[in-house]
>>> print(open('upload.txt').read())   # compact mmCIF, C-alpha atoms
# COMPACT_ATOMS: atom_id res chain seq x y z
CA ILE A 132 8.64 -7.67 -10.71
CA GLN A 133 7.08 -5.06 -12.98
CA MET A 134 3.34 -4.41 -12.85
CA THR A 135 2.00 -2.64 -15.95
CA GLN A 136 -1.48 -1.28 -15.45
CA SER A 137 -3.91 -0.05 -18.11
CA PRO A 138 -5.53 2.23 -18.88
CA SER A 139 -3.85 5.07 -17.00
CA SER A 140 -7.15 6.91 -16.89
CA LEU A 141 -10.74 6.41 -17.91
CA SER A 142 -14.09 8.13 -17.75
CA ALA A 143 -17.30 6.14 -17.40
CA SER A 144 -20.95 6.65 -16.57
CA VAL A 145 -22.95 5.40 -13.62
CA GLY A 146 -24.11 1.86 -14.37
CA ASP A 147 -21.26 1.09 -16.78
CA ARG A 148 -19.13 -2.02 -16.53
CA VAL A 149 -15.50 -1.03 -15.99
CA THR A 150 -12.42 -3.19 -16.43
CA ILE A 151 -8.87 -2.38 -15.36
CA THR A 152 -6.01 -4.69 -16.26
CA CYS A 153 -2.58 -5.36 -14.83
CA ARG A 154 0.19 -7.36 -16.47
CA ALA A 155 2.99 -8.87 -14.39
CA SER A 156 6.48 -9.55 -15.66
CA PRO A 157 7.65 -12.19 -14.92
CA ARG A 158 4.63 -14.35 -14.04
CA ILE A 159 3.58 -14.46 -10.39
CA THR A 160 0.82 -17.07 -9.80
CA ASN A 161 -2.16 -15.35 -8.10
CA ASN A 162 -0.38 -12.99 -5.69
CA VAL A 163 -2.09 -9.78 -6.82
CA ASN A 164 -4.10 -7.32 -4.76
CA TRP A 165 -6.21 -4.31 -5.78
CA TYR A 166 -6.68 -1.02 -3.92
CA GLN A 167 -8.81 2.10 -4.36
CA GLN A 168 -7.49 5.49 -3.31
CA THR A 169 -9.58 8.66 -3.19
CA PRO A 170 -7.95 12.11 -2.96
CA GLY A 171 -6.32 12.83 0.38
CA LYS A 172 -7.04 9.34 1.73
CA ALA A 173 -5.07 6.17 2.31
CA PRO A 174 -5.55 3.29 -0.12
CA LYS A 175 -8.32 0.81 0.66
CA LEU A 176 -8.05 -2.92 -0.03
CA LEU A 177 -10.67 -4.23 -2.46
CA ILE A 178 -9.44 -7.60 -3.71
CA TYR A 179 -6.69 -9.89 -2.39
CA ALA A 180 -5.07 -13.00 -3.85
CA ALA A 181 -6.35 -12.03 -7.30
CA SER A 182 -10.03 -12.87 -6.74
CA SER A 183 -10.99 -12.75 -3.05
CA LEU A 184 -13.33 -9.92 -2.11
CA GLN A 185 -12.28 -8.08 1.04
CA SER A 186 -14.93 -8.05 3.76
CA GLY A 187 -17.20 -5.02 3.51
CA VAL A 188 -16.39 -4.29 -0.14
CA PRO A 189 -19.47 -4.21 -2.42
CA SER A 190 -20.01 -7.29 -4.57
CA ARG A 191 -19.93 -5.21 -7.77
CA PHE A 192 -16.13 -5.41 -7.44
CA SER A 193 -14.46 -8.59 -8.64
CA GLY A 194 -10.99 -9.73 -9.58
CA SER A 195 -9.62 -12.44 -11.81
CA GLY A 196 -6.44 -13.71 -13.39
CA SER A 197 -3.37 -15.77 -12.73
CA GLY A 198 0.19 -15.84 -13.96
CA THR A 199 0.70 -12.65 -15.94
CA ASP A 200 -2.68 -11.05 -16.63
CA PHE A 201 -5.02 -9.77 -13.94
CA THR A 202 -8.30 -7.88 -14.09
CA LEU A 203 -10.36 -5.74 -11.73
CA THR A 204 -13.99 -5.37 -12.80
CA ILE A 205 -16.68 -3.07 -11.49
CA SER A 206 -19.94 -4.56 -12.75
CA SER A 207 -22.13 -1.46 -12.36
CA LEU A 208 -20.27 1.77 -11.66
CA GLN A 209 -21.51 3.89 -8.75
CA PRO A 210 -20.74 7.57 -8.05
CA GLU A 211 -18.61 6.67 -5.02
CA ASP A 212 -16.28 4.53 -7.15
CA PHE A 213 -14.25 7.50 -8.39
CA GLY A 214 -10.58 7.57 -7.49
CA THR A 215 -7.33 5.89 -8.45
CA TYR A 216 -7.00 2.12 -8.55
CA TYR A 217 -3.73 0.28 -8.01
CA CYS A 218 -2.72 -3.32 -8.51
CA GLN A 219 0.08 -4.72 -6.36
CA GLN A 220 2.09 -7.93 -6.48
CA SER A 221 3.01 -9.78 -3.30
CA TYR A 222 4.81 -12.68 -4.98
CA SER A 223 8.25 -11.44 -4.01
CA THR A 224 9.88 -8.44 -2.38
CA PRO A 225 10.22 -5.64 -3.19
CA TYR A 226 6.45 -5.63 -3.48
CA THR A 227 5.55 -3.43 -6.42
CA PHE A 228 2.49 -1.50 -7.52
CA GLY A 229 1.08 -0.65 -10.89
CA GLN A 230 1.24 3.01 -11.85
CA GLY A 231 -2.47 3.49 -11.16
CA THR A 232 -5.69 4.00 -13.10
CA LYS A 233 -7.55 7.23 -12.47
CA LEU A 234 -11.30 6.62 -12.78
CA GLU A 235 -13.58 9.57 -13.39
CA ILE A 236 -17.34 9.43 -13.27
CA LYS A 237 -18.96 11.18 -16.24
CA GLN B 199 -11.87 -2.21 15.28
CA VAL B 200 -8.42 -2.62 13.81
CA GLN B 201 -6.79 0.77 13.48
CA LEU B 202 -3.38 2.23 12.70
CA VAL B 203 -2.81 5.83 13.81
CA GLN B 204 0.27 7.66 12.58
CA SER B 205 2.15 10.65 13.93
CA GLY B 206 1.75 14.13 12.51
CA ALA B 207 3.37 15.94 9.61
CA GLU B 208 7.08 16.67 9.71
CA VAL B 209 9.36 19.21 8.01
CA ARG B 210 13.07 18.52 7.75
CA LYS B 211 16.08 20.03 6.03
CA PRO B 212 18.12 18.03 3.53
CA GLY B 213 20.53 15.67 5.27
CA ALA B 214 18.41 15.39 8.40
CA SER B 215 16.53 12.37 9.73
CA VAL B 216 12.88 11.76 10.48
CA LYS B 217 11.10 9.17 12.61
CA VAL B 218 7.44 8.40 11.95
CA SER B 219 5.31 6.35 14.32
CA CYS B 220 2.37 4.03 13.70
CA LYS B 221 0.28 2.94 16.70
CA ALA B 222 -1.79 -0.21 16.32
CA SER B 223 -4.99 -1.04 18.16
CA GLY B 224 -7.87 -3.50 17.97
CA TYR B 225 -5.78 -6.65 17.56
CA THR B 226 -2.80 -8.52 19.03
CA PHE B 227 0.13 -6.37 17.94
CA THR B 228 2.70 -9.15 17.62
CA THR B 229 0.52 -11.34 15.38
CA PHE B 230 0.78 -9.47 12.09
CA TYR B 231 3.56 -7.91 10.01
CA ILE B 232 3.54 -4.17 9.28
CA HIS B 233 4.61 -2.65 5.97
CA TRP B 234 5.69 0.90 5.13
CA VAL B 235 4.69 2.44 1.79
CA ARG B 236 5.29 5.96 0.57
CA GLN B 237 3.69 8.20 -2.05
CA ALA B 238 5.40 11.27 -3.47
CA PRO B 239 3.10 14.18 -4.39
CA GLY B 240 0.97 13.24 -7.39
CA GLN B 241 2.79 9.94 -7.80
CA GLY B 242 2.13 6.24 -7.24
CA LEU B 243 2.81 3.92 -4.34
CA GLU B 244 6.28 2.68 -3.39
CA TRP B 245 6.94 -0.18 -0.97
CA MET B 246 9.74 0.53 1.52
CA GLY B 247 9.90 -2.54 3.73
CA ILE B 248 8.33 -4.81 6.32
CA ILE B 249 8.75 -5.44 10.04
CA ARG B 250 7.70 -8.42 12.12
CA PRO B 251 6.60 -6.97 15.48
CA SER B 252 7.03 -10.28 17.32
CA ASN B 253 10.83 -10.25 16.95
CA GLU B 254 11.57 -6.86 15.33
CA ARG B 255 13.09 -8.50 12.25
CA ALA B 256 12.84 -6.19 9.26
CA SER B 257 13.45 -6.38 5.54
CA TYR B 258 13.97 -3.30 3.41
CA ALA B 259 13.70 -2.48 -0.26
CA GLN B 260 17.19 -2.27 -1.71
CA LYS B 261 16.58 1.35 -2.69
CA PHE B 262 16.44 2.31 0.99
CA GLN B 263 19.08 -0.02 2.42
CA GLY B 264 21.47 1.88 4.68
CA ARG B 265 19.12 4.84 5.13
CA VAL B 266 16.09 3.23 6.74
CA THR B 267 15.41 1.48 10.03
CA MET B 268 12.11 -0.02 11.16
CA THR B 269 11.63 -0.75 14.86
CA ARG B 270 8.81 -1.52 17.26
CA ASP B 271 7.81 -0.99 20.88
CA THR B 272 5.60 -3.81 22.09
CA SER B 273 4.68 -1.93 25.29
CA THR B 274 2.82 0.69 23.24
CA SER B 275 1.97 -1.43 20.16
CA THR B 276 3.85 1.05 18.01
CA VAL B 277 6.12 0.62 15.01
CA TYR B 278 8.54 3.26 13.82
CA LEU B 279 10.08 4.21 10.51
CA GLU B 280 13.32 6.19 10.60
CA LEU B 281 14.72 7.61 7.37
CA ARG B 282 18.16 9.26 7.40
CA GLY B 283 20.03 11.44 4.94
CA LEU B 284 16.84 13.05 3.71
CA ARG B 285 16.71 14.49 0.19
CA SER B 286 14.11 16.62 -1.52
CA ASP B 287 12.82 13.55 -3.37
CA ASP B 288 11.97 11.93 -0.02
CA THR B 289 9.11 14.41 0.27
CA ALA B 290 6.10 12.13 0.40
CA VAL B 291 3.23 10.79 2.43
CA TYR B 292 4.41 7.76 4.40
CA TYR B 293 1.88 5.04 5.21
CA CYS B 294 2.02 2.05 7.51
CA ALA B 295 -0.23 -0.90 6.72
CA ARG B 296 -0.98 -4.17 8.46
CA ASP B 297 -0.50 -7.46 6.64
CA PRO B 298 -3.29 -9.89 7.56
CA GLY B 299 -2.27 -12.34 4.87
CA THR B 300 -1.61 -15.99 5.55
CA SER B 301 -0.19 -17.72 2.48
CA SER B 302 0.38 -14.37 0.77
CA SER B 303 0.55 -10.68 1.69
CA TRP B 304 -1.91 -7.83 1.39
CA PHE B 305 -2.27 -4.52 3.15
CA ASP B 306 -5.28 -3.83 5.35
CA PRO B 307 -5.92 -1.50 7.03
CA TRP B 308 -3.65 1.44 6.31
CA GLY B 309 -2.71 4.28 8.60
CA GLN B 310 -3.93 7.75 7.68
CA GLY B 311 -0.52 8.76 6.36
CA THR B 312 2.20 11.15 7.53
CA LEU B 313 3.43 13.91 5.25
CA VAL B 314 7.18 14.40 5.40
CA THR B 315 8.44 17.52 3.67
CA VAL B 316 12.14 17.91 2.96
CA SER B 317 13.06 21.49 2.16
CA SER B 318 15.89 23.89 2.85
>>> encode(input="upload.txt", output="C-alpha cells")
Amino acid sequence: IQMTQSPSSLSASVGDRVTITCRASPRITNNVNWYQQTPGKAPKLLIYAASSLQSGVPSRFSGSGSGTDFTLTISSLQPEDFGTYYCQQSYSTPYTFGQGTKLEIK
Amino acid sequence: QVQLVQSGAEVRKPGASVKVSCKASGYTFTTFYIHWVRQAPGQGLEWMGIIRPSNERASYAQKFQGRVTMTRDTSTSTVYLELRGLRSDDTAVYYCARDPGTSSSWFDPWGQGTLVTVSS
C-alpha cells in the first residue's frame, strides 16, 4: 500500500493552522497513524486509527479521514511543533509510511 | 512507565551480521507485539517486521526475507533483531517499537534507536 504525503515541506508561523495530507492507494478504511519526529529522536505517536488522540498529546493536534484521504491538523502552531511528520498505514503488512513532511517554524 | 531501551551503536564490514537488542520494561512483556523499523541517514521510515513475544512468531517484510531474524528472551524481556549479509545501504538507525493496538496496529513507545554503520 502506497502512502503519498503532501506537502514535503512547509514553513508556518506560531498560531497558524497547519494541515498535512496523506493519500492511500488502494483504500484502507481508517488504519492510519501519525507520528512526529524531531532531529536525533525517535518518532512519537500523535494520532492512531485516523482520529484518536494519543494520551498526553496536546489537543491542538487532530486527525481525520477514511478510505483514501487522511489529514493531520495542528489548530494553532506552537514553537515545539517543528520536526518531520509521517503518516503510516496499518491496514496490511508491510506497513508503510509516507515520505514525511518537514515543518519549519517561521 | 513503559520503556524500550536498545543496545548501542555498531560498526560492521560488508557481508557481516549484526544483532540489536531491545529491552522492554514497565509492562507485561508477552502481552504486546514488537515491531522493527529502520531509517537510513536523511531518509524516511521503513518497516522491517513484527514479533509476537508470547510465542516468538515473527513476520518479515519481503525485502528482508532470508536476511533477518527476530527473536525474544522472555527471561530478560528482550527482543532481538539480527540482520545478515550486511551491505552499505543497510547503514541506518534501527528502532524497536511496541504495538499497543487492539483492532489495529500503531507504534508506541519507540526505543531510542541503534545506529548500525556498514563500512569497509
>>> closest_atom_pairs(input="upload.txt", of="chain B", to="chain A", cutoff="6 Å", atoms="only C-alpha atoms", output="tab-separated table")
residue	atom	partner	partner_atom	distance
B:Gly242	CA	A:Gln230	CA	5.7
B:Ala259	CA	A:Pro225	CA	5.5
B:Ser303	CA	A:Ser221	CA	5.6
B:Gln310	CA	A:Ala173	CA	5.7
>>> atom_distance(input="upload.txt", atom1="atom CA of B:Ser317", atom2="atom CA of B:Arg236")
17.4 Å
>>> closest_residue(input="upload.txt", among="B:Ile249, B:Val235, B:Val291, B:Ala222", to="B:Gln199", atoms="only C-alpha atoms")
B:Ala222
>>> closest_residue(input="upload.txt", among="A:Cys218, A:Ser186, A:Gln168, A:Ala181", to="A:Thr135", atoms="all atoms listed in the file")
A:Cys218
>>> atom_distance(input="upload.txt", atom1="atom CA of B:Trp245", atom2="atom CA of B:Thr226")
23.8 Å
>>> atom_distance(input="upload.txt", atom1="atom CA of B:Thr312", atom2="atom CA of A:Pro210")
28.0 Å
>>> closest_residue(input="upload.txt", among="A:Leu203, A:Leu208, A:Val188, A:Ile132", to="A:Pro157", atoms="all atoms listed in the file")
A:Ile132
>>> closest_residue(input="upload.txt", among="A:Gln167, A:Lys237, A:Glu211, A:Ser156", to="A:Gly198", atoms="all atoms listed in the file")
A:Ser156
>>> residues_around(input="upload.txt", residues="B:Val209", least_positions_apart="3", cutoff="8 Å", atoms="all atoms listed in the file", output="list in words")
Val314, Thr315, Val316 and Ser317 of chain B
>>> write_last_selection(input="upload.txt", atoms="C-alpha atoms", output="PDB file, in the frame of the given file")
ATOM      1  CA  VAL B 314       7.180  14.400   5.400  1.00  0.00           C
ATOM      2  CA  THR B 315       8.440  17.520   3.670  1.00  0.00           C
ATOM      3  CA  VAL B 316      12.140  17.910   2.960  1.00  0.00           C
ATOM      4  CA  SER B 317      13.060  21.490   2.160  1.00  0.00           C
TER       5      SER B 317
END
